[in-house]
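Beneath this line is the structure, given in structure tokens, with notes to follow.
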Amino acid sequence: MMRTKQSPKGLLLAAVALAVMAAVPLHAQDDPFAAPAAVVEETTAVLTDTAGDVAVVATEAVAVVAPEEPAEEPTPVEAFWSGKEAEQAIFTVNNLWICLAAALVFLMHLGFSAVESGLTQSKNTTNVLFKNVFIICMGLLAYAAYGFNAMYPGDNWSIPGWFAMGSPIANGFTESDAIVANLTSEYNAGYTIWGDFIFQAMFAATAATIISGAVAERIKLGSFMLAATIIVAFAYPITGSWEWGGGWLSEDFIDFAGSSLVHAFGGYAALAAVLVLGPRAGKYVDGKIKPILGHSMPLATIGVFLLFLGWFGFNGGSVLSADPVLVSLVFVTTALAGAAGGLAAAFTSWTVLKKPDLSMSLNGMLAGLVGITAGADSIAPWPAVLVGAISGIIVVFSVLMFDRLKIDDPVGAISVHGICGNWGTIAVGIFGAGVLSTQIIGTVAISAFAFIFSLVTFGVIKAIFGLRVSAEEEEQGLDIGEHGQEAYPDFVANK
Amino acid sequence: MMRTKQSPKGLLLAAVALAVMAAVPLHAQDDPFAAPAAVVEETTAVLTDTAGDVAVVATEAVAVVAPEEPAEEPTPVEAFWSGKEAEQAIFTVNNLWICLAAALVFLMHLGFSAVESGLTQSKNTTNVLFKNVFIICMGLLAYAAYGFNAMYPGDNWSIPGWFAMGSPIANGFTESDAIVANLTSEYNAGYTIWGDFIFQAMFAATAATIISGAVAERIKLGSFMLAATIIVAFAYPITGSWEWGGGWLSEDFIDFAGSSLVHAFGGYAALAAVLVLGPRAGKYVDGKIKPILGHSMPLATIGVFLLFLGWFGFNGGSVLSADPVLVSLVFVTTALAGAAGGLAAAFTSWTVLKKPDLSMSLNGMLAGLVGITAGADSIAPWPAVLVGAISGIIVVFSVLMFDRLKIDDPVGAISVHGICGNWGTIAVGIFGAGVLSTQIIGTVAISAFAFIFSLVTFGVIKAIFGLRVSAEEEEQGLDIGEHGQEAYPDFVANK
Amino acid sequence: MMRTKQSPKGLLLAAVALAVMAAVPLHAQDDPFAAPAAVVEETTAVLTDTAGDVAVVATEAVAVVAPEEPAEEPTPVEAFWSGKEAEQAIFTVNNLWICLAAALVFLMHLGFSAVESGLTQSKNTTNVLFKNVFIICMGLLAYAAYGFNAMYPGDNWSIPGWFAMGSPIANGFTESDAIVANLTSEYNAGYTIWGDFIFQAMFAATAATIISGAVAERIKLGSFMLAATIIVAFAYPITGSWEWGGGWLSEDFIDFAGSSLVHAFGGYAALAAVLVLGPRAGKYVDGKIKPILGHSMPLATIGVFLLFLGWFGFNGGSVLSADPVLVSLVFVTTALAGAAGGLAAAFTSWTVLKKPDLSMSLNGMLAGLVGITAGADSIAPWPAVLVGAISGIIVVFSVLMFDRLKIDDPVGAISVHGICGNWGTIAVGIFGAGVLSTQIIGTVAISAFAFIFSLVTFGVIKAIFGLRVSAEEEEQGLDIGEHGQEAYPDFVANK
Amino acid sequence: MKKIEAIIKPFKLEEVKDALADLGIEGMTVSEVKGFGRQKGHTEIYRGSEYTVDFLPKIKIEVVIADELAEKATGAIVKAAKTGKIGDGKVFISPVEEAIRIRTDETGDKAV
Amino acid sequence: MKKIEAIIKPFKLEEVKDALADLGIEGMTVSEVKGFGRQKGHTEIYRGSEYTVDFLPKIKIEVVIADELAEKATGAIVKAAKTGKIGDGKVFISPVEEAIRIRTDETGDKAV
Amino acid sequence: MKKIEAIIKPFKLEEVKDALADLGIEGMTVSEVKGFGRQKGHTEIYRGSEYTVDFLPKIKIEVVIADELAEKATGAIVKAAKTGKIGDGKVFISPVEEAIRIRTDETGDKAV
Ligand SMILES: Nc1ncnc2c1ncn2[C@@H]1O[C@H](COP(=O)(O)OP(=O)(O)O)[C@@H](O)[C@H]1O
Ligand SMILES: Nc1ncnc2c1ncn2[C@@H]1O[C@H](COP(=O)(O)OP(=O)(O)O)[C@@H](O)[C@H]1O
Ligand SMILES: Nc1ncnc2c1ncn2[C@@H]1O[C@H](COP(=O)(O)OP(=O)(O)O)[C@@H](O)[C@H]1O
């Protein structure tokens, strides 16, 4: 999802993709888009398969071949406003796609709501749902008020490459806004600033949602809301700016749609939160793990399918244009990795746990999707299957491991988003266009920042306001304790 | 959603938007779209913010500046059929977007089904769902058979500006249909007549769905079906024609996507229905309000998120083209207003009712969305936040008020759609491109018509067929009474 | 969904549609797309209504009028790579739409999951959901590994027109792949091979899903998974190749989006499976039919609405381009037929069964959608209403009939997909562009193949592994028996 | 001590509870049951097949009470639960030999 | 009067009800219970952790009946509920001192 | 024989069951009930209107047992179920005249 700096040519990626193909760079005059492109590392690995193998061709050569910055080339936005209808049409398609992708990512918040409430107890359902409603509402507003400009600072860094102060998005179209269709002239993605903002804003709230699942069934509502707001508004844009905002990681590190920047970020923030908060009462008794059952498998399944659907927008929209080759390739790698993750987790649980476990298979689908997120545009279809399958295996063992470590994560968020987010980022260094060491540095840096920031945030809030509901409230359920409102008042619950 | 009469230039709106910006109209030769536009009142307010303030610039001036009707300019449809591929591409994008927007609005009917069944008792769930299935099926067919042509009569008014008889949509493409891609040459929106029809048809059924929620748990099925059919088929197109069909309100009144024409219409029709029908048994006992609990908060939450998603189509599609600036702006204002409404209602309920109420927060999201609907394209992002937040506050107090007035509305439809529909329309006169007095006249006229028409319809049906199920049936539940079919036969319900 | 062989002109169909209109073929120079088209049988019937009647104009004449194969005309893909931006824009829109349509069809798998689990007992819910998770994951991978190339063999037939061996999809873009943007130069649909693949892959899993519902609540998990894999991987591509792959049916038989190739295929495979498997215990006792109630009407309703939504992608994407006339027409016929099916089934059940049956109305919506699938692009709107309404009536009687025959289909899949799939295919010979006898031959051939293949598959698996869970497991529920996992552990189930 | 078991119509629970509370009875236990009796069930239909629901939802109230209070309590229940329509339910009285309050180990009449 | 309480397997409810109806018994009250007994529960697994479900679903039928009918009713229940497999359940008979029909205030054998 | 009915807090079920099993008691029947007592319910709010939930979830355990075991069993239940906080519940003991094991037709103490 990184917007290429200064020389943004969203629509040229496909051309380059072609060019790199078979490692036979096309000459500029053969390029169907009539202009060679520079910095396009993320999109090259896909083209590696001349001989039908899963070979990866390094792309630096191409980046060298292509002359940097042909000054006379108009940006997509300039092209749009140039009055040429063909350019306007392409701009319009790109913009429509980014808006639709934003809508699909919005739907992921329903997906999270459903998964999280399905995999927790009915006495906490209202609370889980309320938190999710809060997160998407707060997330959009906080990103508008501060985060967007902190994540995409252009030249306005406070600490160059590391930190930028945020500010509210502009309230209307200034003339220059309209011309560059973006916040600053540093970024230019070929669609309007509004499309850009709404897509990024939908992403932002995701991190908090990931935490929400892991801390469910025992966290004080007010304390959670405070922590979530701080993390979404301030922490997420920081790591975001490192990579997508053009910061210190943006040069070589590859994280296409956020295996690290969104998922590992959320997963490690969740891990810290769980460590500060402790496990649910009754989960670990006398050294034994006692399962606390999710109350509705249909709800969990609805959630995962909606997340899968939303991922087409999450990854597909991260192409940042409607480029036909890249968007459709991303759809394929995303779907195949999710499918492979689901199957792998199903068979892993069947083998290891003796029964095919639905909740694990659902986690596996998500794990596969998280895994492919960093390289959805640069990993070929069959390696994508492999990346997804490995994610699906990892997630089962990771869930078992965290349980053994008495780290209580009701929905498996740390494993799905944290561990598989790491794996997915690293996989780009194996199967995709990335360099392994850089990928490791990047994902560790982002995960560590998220973990520490979250540890401090939850730690301080715990010290000041307390973090856990009382034992009585936990037993009775947070629905009554925090909201005085049951989720299913017509039905008799077992306990 | 009004299609500009005679001089339709969907794609030119953005250009004009730019032109009006900073109140410095561009000259025709600077206009990137190479043609100045006329009647564009709805789209101007957004551009008002040169100095960063939320100033509203009246747009009449511009409408004057722009020469009316440059005769040589081809319509989008003519351009499409002209054989020029660039025009065809733009036409194709516009058309695809209107179709996708129709699909998103279709999904709102699932949203309504889920919200309404979630916020009512489990013994009436089958009945609530059946009504929603009926409404979308009947709505599409009734609009095809009569409503579309009654709402968009072109020159074929029965009482000019006030009423037109409907007729079935054409069964195939006549040549002239194809050329103008519309029902009559009076309207031209830059996409095919089929795209136009299906988008409008999905809107039409919404009014009845709004009523459905308010009268749930006590209305006779057959009587409801009759009333809903009459209102969708005959009443909705009348007020629709006043504004979007080019009638008496279409000159100065601004209701972009239907805060009044759809939502207040539905809300006030619901109010009349509830007055004729009376409250549910056991709701108001000895002067005290006894809550009747909704049976499934997950269902209600699923419904609201799906409605939020659908609203991107509802408002975004009402741009009537894929115009990049307007569509993306509408996505932003819609999302921010919905988020602000949700947060505002959550905190209002927390403050006023002592607990953060999930069902009120969900109502608040919808209230924010209803509120921004009239001005989603002409209110800048931060004022949109304000409009949404005020909606979220209004809706809590409105729900409390109607309960105190013993007007029993199980899902809060009158408050969400009626009251916030009024507010949203008026807000365009404050923050958007409208004139306050005109906005008030328009929303009052539409609400009053809906109220009276509904009062008469339900009154007459009550007199002839009866409107309420028997006390025994109400106690036992309408699922058994009307359908002989329980919604959850495997589960023990509390009562 | 057949890709026209050798002379692919997705975008020209609209022009021809116009041309055929009023049976007055346009001359080539009047054609807005500047090029006459050949093989376009599927798209002509819509234009039949000059006089406002539902007359069907045979289209052979036109096909003759149009000169076959103007050799100099570039394919959409060649046009895309030609560097002309207008062509690139159109290519980009087409490709975006096919990808979005794939995402919508993906959502249908959630729809099926919800319908099937809603209409079965709560003690089998985890099992039903698991099967659906498995099917979509397996389906995507099997289609990638074998099915896609078996269904679209180009010239690589094993038995010409009847059977082709499959092979894995290519792993990357070879140059020639990229240029023709397709698997072989035999097909060319104007979008990338990835878009093509992912759309087709989402279809493939559907057949197994249809079976899944019919055999629910009694089939052994492992045996089902094996059978489903065989059918999706091997059987579905065979009949698919007959028509869409350019095989023996592709000349005259018309099945636009798969009333036969997907739905009747699935329905008849389900019928065979049920015959081999037998009814659920307790369904037919002493010659009496004892209903076994579905456990959640909201879940069933959510499923049907999502399927309806997905159908816009299923049918709309089968246009294989974003052609504005065809896509929007398909949206209209699809929606009206679904609505008519729902209403017709509601009133049929009300009349015949004395009560308006929600589950039958939901089946009716699906029946209407299945019915219009074969002719969504060639049946005019009002005949589409008729086709849908007849489907809605058929489905009620068909469900009753199969019950009387002691063929136990918990969700009505055989009736909805099998019988109405047949009807929809035949309807194209009555109201659409097809020839009645050809339509009958085609649908019978496809249904018979599916039935026999499925009979043998399930028969052999029954002989080797067994097909049915034990009577105790069936009584206790497959959730505990197969998965050791309850779907609703917090709630007391009635039995 | 006596145990009074009353099977009543669900919507009468509130009134019966209030009637008992008015007598100073401070404890009772309630459960959901299904009743079969002279009040007939109803016929439902699912996908074309009819079936009869014989069992109607009822509420069972159990009160254990000192012997001397039993009659008054029974009277109060009957009065509060009566609608006069079929299906109003039954009250059964049976002997209880001992009662213990778990919290305090109190027994006998003091425990209830 | 006697109260007959029978704990049976859920799928036997229909047969037991019919057997009682055949004896002319017109009323009974049914509830869902969970039974713990010689019939062992089953092990389930959730996200990798095993747990045992000790309590199996059973149905409790309560019939209050005139003394002289008790034996016949008990026999009918036992016969109808028997499968011969473990977990078939129990029948318990206990004394009831009084029964009242709420609708009519009838008492004693007439009330049941 | 005696029937011991214990109304306890739901989360104590496991402990009470284990305590009874330790005594060699092999069968019991459990149901979900709602209790009204000194332990007050809570006030909830729905869309602006307050209401009181008077009935709290409790578990009822029923054990039929030979006379001589009754005291021990009662003691075990009371001990296991006690938290010392209000709402711990009650134990009631009443006479049972006969018990029959459906599977084997055994009666009396052998049946339980
Ligand atoms: N003999 C009985 N034993 C136990 N419960 C009974 C008996 N007779 C009736 N009941 C309960 O009383 C309820 C009401 O009885 P019913 O015969 O329908 O009406 P009524 O009490 O007005 O005569 C039944 O639904 C059942 O729960
Ligand atoms: N002593 C008892 N008191 C109350 N209920 C009992 C007792 N023993 C058994 N039950 C009930 O009877 C059911 C069946 O008993 P179980 O020992 O499993 O089989 P069986 O009746 O065949 O010996 C149990 O699930 C339980 O509900
Ligand atoms: N007289 C009674 N008859 C039947 N059940 C009772 C009676 N008194 C109390 N109970 C049951 O015991 C439960 C606990 O009683 P409560 O008065 O709240 O606390 P405690 O047992 O600590 O005094 C109640 O919820 C109710 O279910």
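We name chains A, B, ... following the order of the structure tokens; residues begin at 1 in each chain, and ligands are numbered from 1 as shown.
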| request: Check every residue of chain F for an atom within 10 Å of chain D, counting only C-alpha atoms, and provide those that qualify as number ranges by chain. | output: F: 2-8, 31-39, 54-60, 74-75, 77-95
- Task: Restrict the distance test to only C-alpha atoms, flag each residue of chain D within 7 Å of chain C, and return the flagged residues as a ChimeraX atom specification.
- Result: /D:46-49
Per-residue DSSP, stretch 346-454 of chain C, filtered to helix (DSSP H, G or I), as number ranges by chain: C: 346-353, 358-373, 381-404, 413-431, 436-454
Mind listing the strand (DSSP E or B) residues of stretch 265-354 of chain A, per DSSP on the backbone, as number ranges by chain?
-> A: 284-285, 288-289
Exercise for the section: Output as a VMD selection string the set of chain B residues within 7 Å of chain C, with distances taken over only C-alpha atoms. Expected result: chain B and resid 81 to 83 85 to 86 89 92 to 93 95 to 96 99 103 107 110 126 130 134 137 to 138 140 to 141 170 to 175 192 194 to 195 198 483 to 484 487 to 492
Students should find that atom CA of A:Ile461 and atom CA of A:Gly222 are spaced 10.0 Å
Review point. Could you name the residues that touch B:Trp157 at 12 Å or less, counting only C-alpha atoms, but leaving out those on the same chain fewer than 2 positions away, as a list of chain:residue names?
Key: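 Here the answer would be B:Asn149, B:Ala150, B:Met151, B:Tyr152, B:Pro153, B:Gly154, B:Asp155, B:Ile159, B:Pro160, B:Gly161, B:Trp162, B:Phe163, B:Ala164, B:Met165, B:Gly166, B:Ile238, B:Ser241, B:Trp242, B:Gly245, B:Gly246, B:Gly247, B:Trp248.
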| said: Using only C-alpha atoms and all ligand atoms, can you tell me which of E:Val53, E:Ile45, E:Ala76, E:Leu20 comes closest to ligand 1? | reply: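 Using only C-alpha atoms and all ligand atoms, the shortest distance to ligand 1 belongs to E:Leu20.
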TODO: In Å, rounded to a single decimal, give me how far atom CA of C:Phe199 is from atom CA of C:Val105.
DONE: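 That distance, rounded to one decimal, is 7.7 Å.
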Computed gap from atom CA of A:Ala227 to atom CA of A:Ser398 is 25.6 Å
Can you tell me which residues surround C:Met225 at a distance of at most 10 Å, considering only C-alpha atoms, apart from same-chain residues fewer than 4 positions away, and format the answer as a list of chain:residue names?
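Those residues are C:Lys131, C:Phe134, C:Ile135, C:Met138, C:Ala208, C:Ser212, C:Ile219, C:Lys220, C:Leu221, C:Thr229, C:Ile230, C:Ile231.
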### Message
List the spatial neighbours of B:Val274 as a list in words - criterion: any atom at most 7 Å away, only C-alpha atoms, same-chain residues fewer than 6 positions off excluded.
### Response
Ala214, Val215, Ile407 and Asp408 of chain B
Dump of N, CA and C atoms for the selected residues, as a PDB file, in the first residue's frame:
```pdb
ATOM      1  N   ALA B 214     -41.404  -0.210  12.572  1.00  0.00           N
ATOM      2  CA  ALA B 214     -42.159   0.517  13.594  1.00  0.00           C
ATOM      3  C   ALA B 214     -43.438  -0.205  13.996  1.00  0.00           C
ATOM      4  N   VAL B 215     -44.027  -0.935  13.080  1.00  0.00           N
ATOM      5  CA  VAL B 215     -45.315  -1.577  13.380  1.00  0.00           C
ATOM      6  C   VAL B 215     -45.142  -3.045  13.757  1.00  0.00           C
ATOM      7  N   ILE B 407     -45.862   6.413  21.991  1.00  0.00           N
ATOM      8  CA  ILE B 407     -45.834   6.027  20.580  1.00  0.00           C
ATOM      9  C   ILE B 407     -44.784   4.939  20.462  1.00  0.00           C
ATOM     10  N   ASP B 408     -45.258   3.725  20.290  1.00  0.00           N
ATOM     11  CA  ASP B 408     -44.412   2.546  20.467  1.00  0.00           C
ATOM     12  C   ASP B 408     -43.769   2.122  19.146  1.00  0.00           C
TER      13      ASP B 408
END
```
